[in-house]
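To be precise, the following lines are entry-v6.txt, and they hold compact mmCIF, C-alpha atoms.
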# COMPACT_ATOMS: atom_id res chain seq x y z
CA MET Z 1 0.00 0.00 0.00
CA PRO Z 2 1.42 3.44 -0.90
CA LEU Z 3 2.07 5.58 2.18
CA GLU Z 4 -0.38 8.25 0.93
CA THR Z 5 -3.18 5.64 1.03
CA LEU Z 6 -2.08 4.36 4.44
CA ILE Z 7 -2.07 7.90 5.85
CA ASP Z 8 -5.54 8.63 4.40
CA GLU Z 9 -6.95 5.37 5.76
CA ASN Z 10 -5.51 6.14 9.21
CA ARG Z 11 -6.98 9.63 9.10
CA ARG Z 12 -10.46 8.29 8.29
CA ALA Z 13 -10.26 5.47 10.86
CA ILE Z 14 -9.11 7.81 13.63
CA GLN Z 15 -11.71 10.47 12.79
CA ALA Z 16 -14.39 7.78 13.07
CA GLU Z 17 -12.92 6.26 16.24
CA PRO Z 18 -10.37 8.52 17.99
CA ILE Z 19 -9.33 5.75 20.43
CA LYS Z 20 -7.64 4.03 17.47
CA ALA Z 21 -4.92 6.73 17.62
CA ARG Z 22 -3.65 5.37 20.94
CA ALA Z 23 -0.80 2.86 20.78
CA VAL Z 24 1.23 1.19 23.53
CA PHE Z 25 4.75 0.01 22.67
CA SER Z 26 6.40 -2.53 24.98
CA VAL Z 27 9.84 -3.96 25.52
CA ARG Z 28 11.01 -6.58 28.03
CA GLY Z 29 14.59 -7.38 28.96
CA GLU Z 30 16.86 -9.34 31.25
CA LEU Z 31 20.39 -8.76 32.51
CA VAL Z 32 22.05 -12.03 31.47
CA GLY Z 33 25.74 -11.25 31.99
CA LEU Z 34 27.84 -8.66 33.75
CA THR Z 35 26.59 -5.91 31.40
CA GLU Z 36 24.86 -7.99 28.70
CA VAL Z 37 21.12 -7.43 28.32
CA GLU Z 38 18.77 -9.53 26.16
CA LEU Z 39 15.66 -7.65 25.11
CA ALA Z 40 12.68 -8.13 22.85
CA ALA Z 41 10.13 -5.83 21.25
CA ARG Z 42 7.34 -8.15 20.07
CA ASP Z 43 9.30 -10.96 18.34
CA HIS Z 44 12.35 -8.81 17.60
CA ALA Z 45 15.26 -9.82 19.84
CA VAL Z 46 18.04 -7.30 20.49
CA LYS Z 47 21.25 -7.72 22.48
CA VAL Z 48 22.77 -4.72 24.23
CA ASP Z 49 26.17 -4.71 25.92
CA GLU Z 50 29.01 -2.37 26.87
CA PRO Z 51 32.43 -2.25 25.19
CA ALA Z 52 35.40 -3.63 27.16
CA GLU Z 53 36.37 -0.19 28.52
CA LEU Z 54 32.97 -0.08 30.22
CA GLY Z 55 33.18 -3.59 31.62
CA GLY Z 56 31.35 -5.53 28.90
CA GLN Z 57 32.09 -8.00 26.13
CA ASP Z 58 30.86 -5.74 23.34
CA ILE Z 59 28.19 -8.20 22.18
CA GLY Z 60 26.00 -5.37 20.89
CA ALA Z 61 25.72 -1.60 20.67
CA ASN Z 62 25.41 -0.01 24.11
CA PRO Z 63 22.33 1.76 25.52
CA VAL Z 64 23.23 5.30 24.47
CA GLU Z 65 24.14 4.07 20.99
CA HIS Z 66 20.68 2.47 20.85
CA ALA Z 67 19.19 5.83 21.79
CA LEU Z 68 20.99 7.35 18.76
CA ILE Z 69 19.79 4.41 16.59
CA ALA Z 70 16.25 5.22 17.71
CA LEU Z 71 16.70 8.91 16.83
CA ALA Z 72 18.42 8.38 13.45
CA SER Z 73 15.94 5.74 12.28
CA CYS Z 74 12.95 7.77 13.45
CA GLN Z 75 14.18 10.78 11.51
CA ALA Z 76 14.72 8.66 8.37
CA ILE Z 77 11.23 7.10 8.52
CA THR Z 78 9.57 10.43 9.34
CA TYR Z 79 11.26 11.90 6.23
CA ARG Z 80 9.66 9.07 4.21
CA PHE Z 81 6.18 9.68 5.64
CA TRP Z 82 6.27 13.47 5.36
CA ALA Z 83 7.72 13.34 1.82
CA ALA Z 84 4.56 11.37 0.95
CA GLN Z 85 2.31 13.86 2.80
CA LEU Z 86 3.92 16.89 1.11
CA GLY Z 87 4.33 15.34 -2.36
CA ILE Z 88 8.13 15.68 -2.22
CA GLU Z 89 10.13 13.04 -4.08
CA LEU Z 90 12.65 11.28 -1.84
CA GLU Z 91 14.88 8.64 -3.44
CA GLY Z 92 16.94 7.89 -0.38
CA LEU Z 93 18.46 9.36 2.74
CA GLU Z 94 21.63 9.03 4.78
CA ILE Z 95 21.91 10.14 8.36
CA LYS Z 96 24.58 10.43 11.01
CA ALA Z 97 23.97 11.08 14.72
CA ASP Z 98 26.63 12.04 17.26
CA GLY Z 99 26.09 12.44 20.97
CA ASP Z 100 28.45 14.00 23.54
CA LEU Z 101 28.51 12.36 26.96
CA ASP Z 102 30.63 13.11 30.04
CA VAL Z 103 30.96 9.81 31.95
CA ARG Z 104 31.45 11.59 35.30
CA GLY Z 105 27.65 11.85 35.51
CA PHE Z 106 27.06 8.10 35.05
CA PHE Z 107 29.84 7.09 37.46
CA GLY Z 108 28.73 9.67 40.03
CA PHE Z 109 32.21 11.29 40.12
CA ASP Z 110 30.60 14.73 39.76
CA ASP Z 111 26.87 15.10 40.45
CA SER Z 112 26.81 18.51 38.74
CA VAL Z 113 27.37 16.66 35.43
CA ARG Z 114 24.21 15.22 33.86
CA PRO Z 115 24.43 11.47 33.16
CA GLY Z 116 22.94 11.70 29.66
CA PHE Z 117 23.98 13.44 26.44
CA SER Z 118 24.93 17.10 26.84
CA ALA Z 119 24.46 17.65 23.08
CA VAL Z 120 23.43 15.71 19.99
CA ARG Z 121 24.22 16.50 16.35
CA LEU Z 122 22.32 15.19 13.33
CA GLU Z 123 23.57 15.33 9.75
CA ILE Z 124 20.91 14.37 7.22
CA THR Z 125 21.48 13.91 3.50
CA PRO Z 126 18.23 13.46 1.55
CA ARG Z 127 18.64 12.25 -2.05
CA GLY Z 128 16.31 13.12 -4.92
CA PRO Z 129 15.43 15.52 -7.74
CA GLU Z 130 13.81 18.29 -5.67
CA SER Z 131 15.27 21.71 -4.84
CA ALA Z 132 17.18 22.43 -1.62
CA GLU Z 133 14.21 24.60 -0.54
CA ARG Z 134 11.78 21.70 -0.89
CA TYR Z 135 14.03 19.42 1.22
CA GLN Z 136 14.29 22.16 3.81
CA GLU Z 137 10.49 22.38 3.88
CA LEU Z 138 10.45 18.60 4.37
CA ALA Z 139 13.04 18.81 7.17
CA ASP Z 140 10.93 21.38 9.03
CA ALA Z 141 7.81 19.18 8.79
CA VAL Z 142 9.82 16.15 9.97
CA ASP Z 143 11.21 17.97 12.98
CA ALA Z 144 7.71 19.01 14.07
CA HIS Z 145 6.42 15.41 13.88
CA CYS Z 146 9.31 13.02 14.65
CA PRO Z 147 8.46 10.95 17.79
CA VAL Z 148 12.04 10.28 18.91
CA LEU Z 149 13.23 13.85 18.24
CA ASP Z 150 10.35 14.94 20.51
CA LEU Z 151 11.59 12.43 23.13
CA PHE Z 152 15.13 13.88 22.98
CA THR Z 153 14.23 17.55 22.99
CA ASN Z 154 11.32 17.53 25.45
CA GLN Z 155 10.56 15.98 28.82
CA THR Z 156 8.72 12.66 29.01
CA PRO Z 157 7.26 11.44 32.31
CA VAL Z 158 8.63 8.04 33.37
CA VAL Z 159 6.91 6.17 36.21
CA ARG Z 160 8.93 3.42 37.85
CA ARG Z 161 7.84 0.42 39.89
CA ILE Z 162 10.32 -1.83 41.72
CA ALA Z 163 9.14 -5.38 42.35
CA VAL Z 164 11.67 -7.29 44.41
CA ALA Z 165 11.66 -10.98 43.40
CA ALA Z 166 10.31 -13.33 46.07
CA MET O 167 38.12 -6.91 35.62
CA PRO O 168 35.58 -6.51 38.47
CA LEU O 169 33.42 -3.41 38.03
CA GLU O 170 34.67 -1.99 41.36
CA THR O 171 38.23 -1.97 39.94
CA LEU O 172 37.07 -0.52 36.62
CA ILE O 173 35.21 2.28 38.42
CA ASP O 174 38.25 3.06 40.63
CA GLU O 175 40.58 3.10 37.64
CA ASN O 176 38.26 5.45 35.76
CA ARG O 177 38.04 7.73 38.80
CA ARG O 178 41.83 7.97 39.05
CA ALA O 179 42.32 8.42 35.28
CA ILE O 180 39.68 11.17 35.08
CA GLN O 181 40.97 12.97 38.18
CA ALA O 182 44.43 13.04 36.58
CA GLU O 183 43.11 14.04 33.14
CA PRO O 184 39.51 15.35 33.20
CA ILE O 185 39.28 15.38 29.38
CA LYS O 186 39.18 11.57 29.54
CA ALA O 187 35.63 11.83 30.88
CA ARG O 188 34.38 13.11 27.53
CA ALA O 189 33.01 10.53 25.10
CA VAL O 190 31.36 10.90 21.70
CA PHE O 191 28.98 8.14 20.56
CA SER O 192 28.14 7.92 16.85
CA VAL O 193 25.64 6.13 14.67
CA ARG O 194 25.21 6.23 10.90
CA GLY O 195 22.22 5.00 8.93
CA GLU O 196 20.59 4.76 5.53
CA LEU O 197 16.98 4.47 4.43
CA VAL O 198 17.19 1.36 2.23
CA GLY O 199 13.50 0.53 1.68
CA LEU O 200 10.15 2.23 2.09
CA THR O 201 10.56 2.33 5.89
CA GLU O 202 13.58 0.02 6.37
CA VAL O 203 16.68 1.65 7.85
CA GLU O 204 20.11 0.00 8.12
CA LEU O 205 22.26 1.48 10.87
CA ALA O 206 25.56 0.83 12.56
CA ALA O 207 27.16 1.86 15.84
CA ARG O 208 30.85 1.04 15.44
CA ASP O 209 30.73 -2.50 13.96
CA HIS O 210 27.30 -3.32 15.38
CA ALA O 211 24.70 -3.37 12.59
CA VAL O 212 21.03 -2.87 13.47
CA LYS O 213 17.97 -2.96 11.20
CA VAL O 214 14.96 -0.84 12.05
CA ASP O 215 11.61 -1.03 10.28
CA GLU O 216 7.92 -0.40 10.82
CA PRO O 217 5.25 -3.10 11.21
CA ALA O 218 2.81 -3.59 8.31
CA GLU O 219 0.17 -1.29 9.85
CA LEU O 220 2.71 1.54 9.63
CA GLY O 221 3.76 0.76 6.06
CA GLY O 222 6.79 -1.45 6.67
CA GLN O 223 7.81 -5.07 6.36
CA ASP O 224 8.54 -5.54 10.08
CA ILE O 225 12.19 -6.46 9.52
CA GLY O 226 13.16 -5.07 12.94
CA ALA O 227 11.81 -3.27 15.96
CA ASN O 228 10.62 0.24 15.10
CA PRO O 229 12.24 3.49 16.25
CA VAL O 230 10.14 4.07 19.36
CA GLU O 231 10.65 0.43 20.39
CA HIS O 232 14.40 1.05 20.03
CA ALA O 233 14.03 4.05 22.33
CA LEU O 234 12.47 1.74 24.95
CA ILE O 235 15.26 -0.83 24.32
CA ALA O 236 17.78 1.95 25.03
CA LEU O 237 15.97 2.91 28.26
CA ALA O 238 15.43 -0.64 29.57
CA SER O 239 19.02 -1.76 28.83
CA CYS O 240 20.49 1.43 30.31
CA GLN O 241 18.53 0.91 33.51
CA ALA O 242 19.67 -2.74 33.73
CA ILE O 243 23.35 -1.87 33.23
CA THR O 244 23.18 1.10 35.61
CA TYR O 245 21.74 -1.26 38.26
CA ARG O 246 24.80 -3.47 37.73
CA PHE O 247 27.28 -0.57 38.07
CA TRP O 248 25.62 1.02 41.08
CA ALA O 249 25.19 -2.34 42.84
CA ALA O 250 28.99 -2.58 42.60
CA GLN O 251 29.45 1.01 43.82
CA LEU O 252 27.11 0.53 46.80
CA GLY O 253 28.20 -3.02 47.69
CA ILE O 254 24.71 -4.42 47.04
CA GLU O 255 24.53 -7.98 45.75
CA LEU O 256 22.59 -8.27 42.48
CA GLU O 257 22.13 -11.73 40.99
CA GLY O 258 19.98 -10.68 38.06
CA LEU O 259 17.33 -8.26 36.90
CA GLU O 260 14.26 -8.27 34.72
CA ILE O 261 12.74 -5.14 33.26
CA LYS O 262 9.69 -4.14 31.26
CA ALA O 263 9.15 -0.78 29.60
CA ASP O 264 5.83 0.46 28.17
CA GLY O 265 5.32 3.70 26.30
CA ASP O 266 2.02 5.37 25.36
CA LEU O 267 1.92 7.12 22.01
CA ASP O 268 -0.93 8.90 20.22
CA VAL O 269 -0.21 8.58 16.46
CA ARG O 270 -2.16 11.77 15.63
CA GLY O 271 1.02 13.70 16.52
CA PHE O 272 3.25 11.77 14.11
CA PHE O 273 0.74 11.89 11.24
CA GLY O 274 0.01 15.58 11.86
CA PHE O 275 -3.74 14.92 12.25
CA ASP O 276 -3.75 17.04 15.43
CA ASP O 277 -0.81 19.36 16.10
CA SER O 278 -1.86 19.77 19.75
CA VAL O 279 -0.81 16.13 20.26
CA ARG O 280 2.91 15.61 20.84
CA PRO O 281 4.50 13.14 18.40
CA GLY O 282 6.49 11.26 21.07
CA PHE O 283 5.52 9.24 24.13
CA SER O 284 3.01 10.92 26.45
CA ALA O 285 4.01 8.56 29.29
CA VAL O 286 6.44 5.71 29.94
CA ARG O 287 6.20 3.02 32.64
CA LEU O 288 9.10 0.91 33.91
CA GLU O 289 8.74 -2.26 35.96
CA ILE O 290 12.04 -3.49 37.38
CA THR O 291 12.56 -6.78 39.22
CA PRO O 292 16.02 -7.05 40.79
CA ARG O 293 16.97 -10.55 42.02
CA GLY O 294 19.26 -11.28 44.96
CA PRO O 295 19.61 -11.82 48.71
CA GLU O 296 19.36 -8.19 49.88
CA SER O 297 16.42 -6.53 51.63
CA ALA O 298 13.73 -4.58 49.77
CA GLU O 299 15.15 -1.41 51.41
CA ARG O 300 18.61 -2.02 49.95
CA TYR O 301 17.17 -2.55 46.43
CA GLN O 302 15.16 0.65 46.85
CA GLU O 303 18.38 2.45 47.80
CA LEU O 304 19.96 0.99 44.65
CA ALA O 305 16.99 2.08 42.51
CA ASP O 306 17.29 5.66 43.76
CA ALA O 307 21.03 5.75 42.94
CA VAL O 308 20.33 4.28 39.48
CA ASP O 309 17.67 6.84 38.67
CA ALA O 310 20.03 9.70 39.56
CA HIS O 311 22.77 8.34 37.24
CA CYS O 312 21.12 6.50 34.32
CA PRO O 313 22.06 8.22 31.02
CA VAL O 314 18.97 7.19 29.03
CA LEU O 315 16.54 7.90 31.88
CA ASP O 316 18.07 11.41 31.92
CA LEU O 317 17.50 11.62 28.14
CA PHE O 318 13.83 10.67 28.54
CA THR O 319 13.01 12.88 31.50
CA ASN O 320 15.01 15.99 30.61
CA GLN O 321 15.62 18.12 27.53
CA THR O 322 18.63 17.41 25.32
CA PRO O 323 19.69 19.94 22.67
CA VAL O 324 19.76 18.47 19.14
CA VAL O 325 21.45 20.45 16.36
CA ARG O 326 20.52 19.45 12.83
CA ARG O 327 22.34 19.99 9.55
CA ILE O 328 20.72 19.20 6.18
CA ALA O 329 23.19 18.44 3.38
CA VAL O 330 21.34 17.95 0.09
CA ALA O 331 23.19 15.37 -2.04
CA ALA O 332 24.82 16.81 -5.19

Encoded form using structure tokens:
Amino acid sequence: MPLETLIDENRRAIQAEPIKARAVFSVRGELVGLTEVELAARDHAVKVDEPAELGGQDIGANPVEHALIALASCQAITYRFWAAQLGIELEGLEIKADGDLDVRGFFGFDDSVRPGFSAVRLEITPRGPESAERYQELADAVDAHCPVLDLFTNQTPVVRRIAVAA
Amino acid sequence: MPLETLIDENRRAIQAEPIKARAVFSVRGELVGLTEVELAARDHAVKVDEPAELGGQDIGANPVEHALIALASCQAITYRFWAAQLGIELEGLEIKADGDLDVRGFFGFDDSVRPGFSAVRLEITPRGPESAERYQELADAVDAHCPVLDLFTNQTPVVRRIAVAA
């Protein structure tokens, strides 16, 4: 199904029944080694680990790299959807994401340093026959609607429950 | 190397040369299908895609699921590190992360709806011989030092550069 059709069908379905707009995404995981974590989203298994300098065996990308994977892939897919919405031809897209992190926050060596990224940089190269202005228009629409960019740049409430195993 | 030793060595190295605390994490990716994205963090390749109802072929977890994978794995590993720092025995840990998302934000059907998660819930089950109070103490230390929890709950500046392919 072309994305234009999918978007129109979603619009109609959600206008008829607004509750259909609400989705819940779920992930479960288990610490299976010193720093190795096995996770699954539906039937998609993912392994996360730390590199040797952070105590792991480097079996997979680490958590903050997965956060950048989430951001870069969300941008790429949101470009695809909004190109369809705006009638902008998009043949392909490359993206690079860099994040600066000061490990003193994570280790607790300096509690004035935040544990997460202090800054993130995205470099996006859309490919296609349209003018630079049209791709800029697309970029602006993407940045207003990209779920993971919203997650990075705004606050999201996280509620935690600790259940100690019996 | 035990994590206690690794943490001590990092503390000494960073006290001697504070610039060693600064890390840059990088990811590169390419949109290779309608919604399929191939990415890599160092030599770790990851495929991201959307399920059929969002136009994809479901080749991998989708971007917002990867954001939850980043959060759940970061919590698990931060439990491991802070258990070592606090001398709390931790035999294992299970974790579940749920995120609520209203797709009207992503599709642009209602611009008063944010595109990202409106709420996230974490359920963490640490396993080991310590008291519930000790695991609660651990949980509090983790939440003050977990890089991806910081990313979710606080604002991170993201700078974007668009480079239209020649």

Quick one: residues within 8 Å of Z:Gly92, only C-alpha atoms counted, chain neighbours fewer than 6 positions away excluded, as a PDB file with C-alpha atoms, in the frame of the given file?
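The resulting file, part.pdb, is shown below:
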ATOM      1  CA  PRO Z 126      18.230  13.460   1.550  1.00  0.00           C
ATOM      2  CA  ARG Z 127      18.640  12.250  -2.050  1.00  0.00           C
ATOM      3  CA  GLY Z 128      16.310  13.120  -4.920  1.00  0.00           C
TER       4      GLY Z 128
ATOM      5  CA  GLU O 196      20.590   4.760   5.530  1.00  0.00           C
ATOM      6  CA  LEU O 197      16.980   4.470   4.430  1.00  0.00           C
ATOM      7  CA  VAL O 198      17.190   1.360   2.230  1.00  0.00           C
TER       8      VAL O 198
END

Mind listing whatever residues come within 12 Å of the point (7.2, 11.0, 14.7)? Use all atoms listed in the file, file coordinates, and give them as JSON, numbers by chain. {"Z": [70, 71, 72, 73, 74, 75, 76, 77, 78, 79, 80, 81, 82, 141, 142, 143, 144, 145, 146, 147, 148, 149, 150, 151, 152], "O": [220, 228, 229, 230, 267, 268, 269, 270, 271, 272, 273, 274, 275, 277, 279, 280, 281, 282, 283]}

Could you tell me how far atom CA of O:Thr201 lies from atom CA of Z:Ile59, in Å and to one decimal?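 Atom CA of Z:Ile59 lies at a distance of 26.2 Å from atom CA of O:Thr201.
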
Measure the distance from atom CA of O:Asn176 to atom CA of Z:Asp110 in Å and round it to one decimal. 12.7 Å

For O:Leu172, please output as a short mmCIF file (atom, residue, chain, number, x, y, z; two decimals) with C-alpha atoms, in the frame of the given file all residues within 12 Å (counting all atoms listed in the file; exclusion window: fewer than 6 positions along the same chain).
data_model
loop_
_atom_site.label_atom_id
_atom_site.label_comp_id
_atom_site.auth_asym_id
_atom_site.auth_seq_id
_atom_site.Cartn_x
_atom_site.Cartn_y
_atom_site.Cartn_z
CA ALA Z 52 35.40 -3.63 27.16
CA GLU Z 53 36.37 -0.19 28.52
CA LEU Z 54 32.97 -0.08 30.22
CA GLY Z 55 33.18 -3.59 31.62
CA GLY Z 56 31.35 -5.53 28.90
CA PHE Z 107 29.84 7.09 37.46
CA ARG O 178 41.83 7.97 39.05
CA ALA O 179 42.32 8.42 35.28
CA PHE O 247 27.28 -0.57 38.07
CA ALA O 250 28.99 -2.58 42.60
CA GLN O 251 29.45 1.01 43.82
#

Could you check the closest approach to chain O for each of Z:Leu90, Z:Glu4, Z:Ala23, Z:Pro18 and tell me which residue wins, using only C-alpha atoms?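 That would be Z:Ala23, the residue with the smallest distance to chain O.
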
Distance query O:Lys213 at most 6 Å, all atoms listed in the file, self and fewer than 5 positions along chain excluded, as a list in words: Val203, Glu204 and Gly226 of chain O

Ranking Z:Ala41, Z:Ala67, Z:Leu122, Z:Leu86 by minimum distance to O:Ala329 and counting all atoms listed in the file, which one comes first?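 Closest residue, counting all atoms listed in the file: Z:Leu122.
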
Have a look at atom CA of Z:Arg160 and atom CA of Z:Arg28 and let me know their distance in Å, one decimal.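 These atoms are spaced 14.2 Å apart.
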
Mind listing whatever residues come within 12 Å of the point (15.9, -8.7, 49.5)? Use all atoms listed in the file, file coordinates, and give them as a PyMOL selection string. (chain Z and resi 162-166) or (chain O and resi 254-257+291-304)

Considering only C-alpha atoms, can you say which of O:Glu202, O:Leu259, O:Pro323, O:Arg287 comes closest to O:Ala227?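 Once distances to O:Ala227 are computed over only C-alpha atoms, the minimum belongs to O:Glu202.
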
Considering all atoms listed in the file, state which residue in the set O:Ser192, O:Ala206, O:Gln181, O:Asp224 is at the smallest distance from chain Z.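 Looking only at the distances to chain Z, the closest residue turns out to be O:Ser192.
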
If I wrap all listed atoms of stretch 69-84 of chain Z in a box with edges along x, y and z and add 8 Å on each side, what are its centre and edge lengths in Å to one decimal, as AutoDock Vina command-line options?
--center_x 12.2 --center_y 8.9 --center_z 9.3 --size_x 31.2 --size_y 25.1 --size_z 32.8

Generate the missing atoms of stretch 221-230 of chain O up to all heavy atoms and report them as a CSV table (one decimal), keeping the file's coordinate frame.
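Now in part12.csv:
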chain,number,residue,atom,x,y,z
O,221,GLY,N,3.2,0.7,7.4
O,221,GLY,CA,3.8,0.8,6.1
O,221,GLY,C,5.0,0.0,5.8
O,221,GLY,O,5.6,0.0,4.7
O,222,GLY,N,5.5,-0.8,6.8
O,222,GLY,CA,6.8,-1.4,6.7
O,222,GLY,C,6.6,-2.9,6.5
O,222,GLY,O,5.6,-3.5,6.3
O,223,GLN,N,7.8,-3.6,6.5
O,223,GLN,CA,7.8,-5.1,6.4
O,223,GLN,C,8.2,-5.8,7.7
O,223,GLN,O,8.5,-6.9,7.7
O,223,GLN,CB,8.8,-5.5,5.2
O,223,GLN,CG,8.3,-4.9,3.9
O,223,GLN,CD,9.2,-5.5,2.8
O,223,GLN,OE1,10.3,-5.1,2.6
O,223,GLN,NE2,8.6,-6.5,2.1
O,224,ASP,N,8.3,-5.0,8.7
O,224,ASP,CA,8.5,-5.5,10.1
O,224,ASP,C,9.9,-6.3,10.2
O,224,ASP,O,9.9,-7.4,10.8
O,224,ASP,CB,7.3,-6.4,10.5
O,224,ASP,CG,7.3,-6.6,12.0
O,224,ASP,OD1,7.8,-5.7,12.7
O,224,ASP,OD2,6.7,-7.6,12.4
O,225,ILE,N,10.9,-5.8,9.5
O,225,ILE,CA,12.2,-6.5,9.5
O,225,ILE,C,12.9,-6.3,10.9
O,225,ILE,O,13.7,-7.1,11.2
O,225,ILE,CB,13.0,-5.9,8.3
O,225,ILE,CG1,12.4,-6.5,7.0
O,225,ILE,CG2,14.5,-6.3,8.5
O,225,ILE,CD1,12.9,-5.7,5.8
O,226,GLY,N,12.6,-5.3,11.6
O,226,GLY,CA,13.2,-5.1,12.9
O,226,GLY,C,12.2,-4.3,13.8
O,226,GLY,O,11.1,-3.9,13.4
O,227,ALA,N,12.6,-4.1,15.1
O,227,ALA,CA,11.8,-3.3,16.0
O,227,ALA,C,11.8,-1.9,15.4
O,227,ALA,O,12.7,-1.5,14.6
O,227,ALA,CB,12.4,-3.3,17.4
O,228,ASN,N,10.7,-1.1,15.7
O,228,ASN,CA,10.6,0.2,15.1
O,228,ASN,C,11.3,1.3,16.0
O,228,ASN,O,11.9,1.0,17.0
O,228,ASN,CB,9.2,0.6,14.8
O,228,ASN,CG,8.4,1.1,15.9
O,228,ASN,OD1,8.9,1.2,17.1
O,228,ASN,ND2,7.2,1.5,15.7
O,229,PRO,N,11.4,2.5,15.5
O,229,PRO,CA,12.2,3.5,16.2
O,229,PRO,C,11.8,3.7,17.7
O,229,PRO,O,12.7,3.8,18.6
O,229,PRO,CB,12.1,4.8,15.4
O,229,PRO,CG,11.9,4.3,14.0
O,229,PRO,CD,11.0,3.1,14.2
O,230,VAL,N,10.5,3.8,18.0
O,230,VAL,CA,10.1,4.1,19.4
O,230,VAL,C,10.4,2.8,20.2
O,230,VAL,O,10.6,2.9,21.4
O,230,VAL,CB,8.7,4.6,19.5
O,230,VAL,CG1,8.6,6.0,18.8
O,230,VAL,CG2,7.6,3.7,19.0
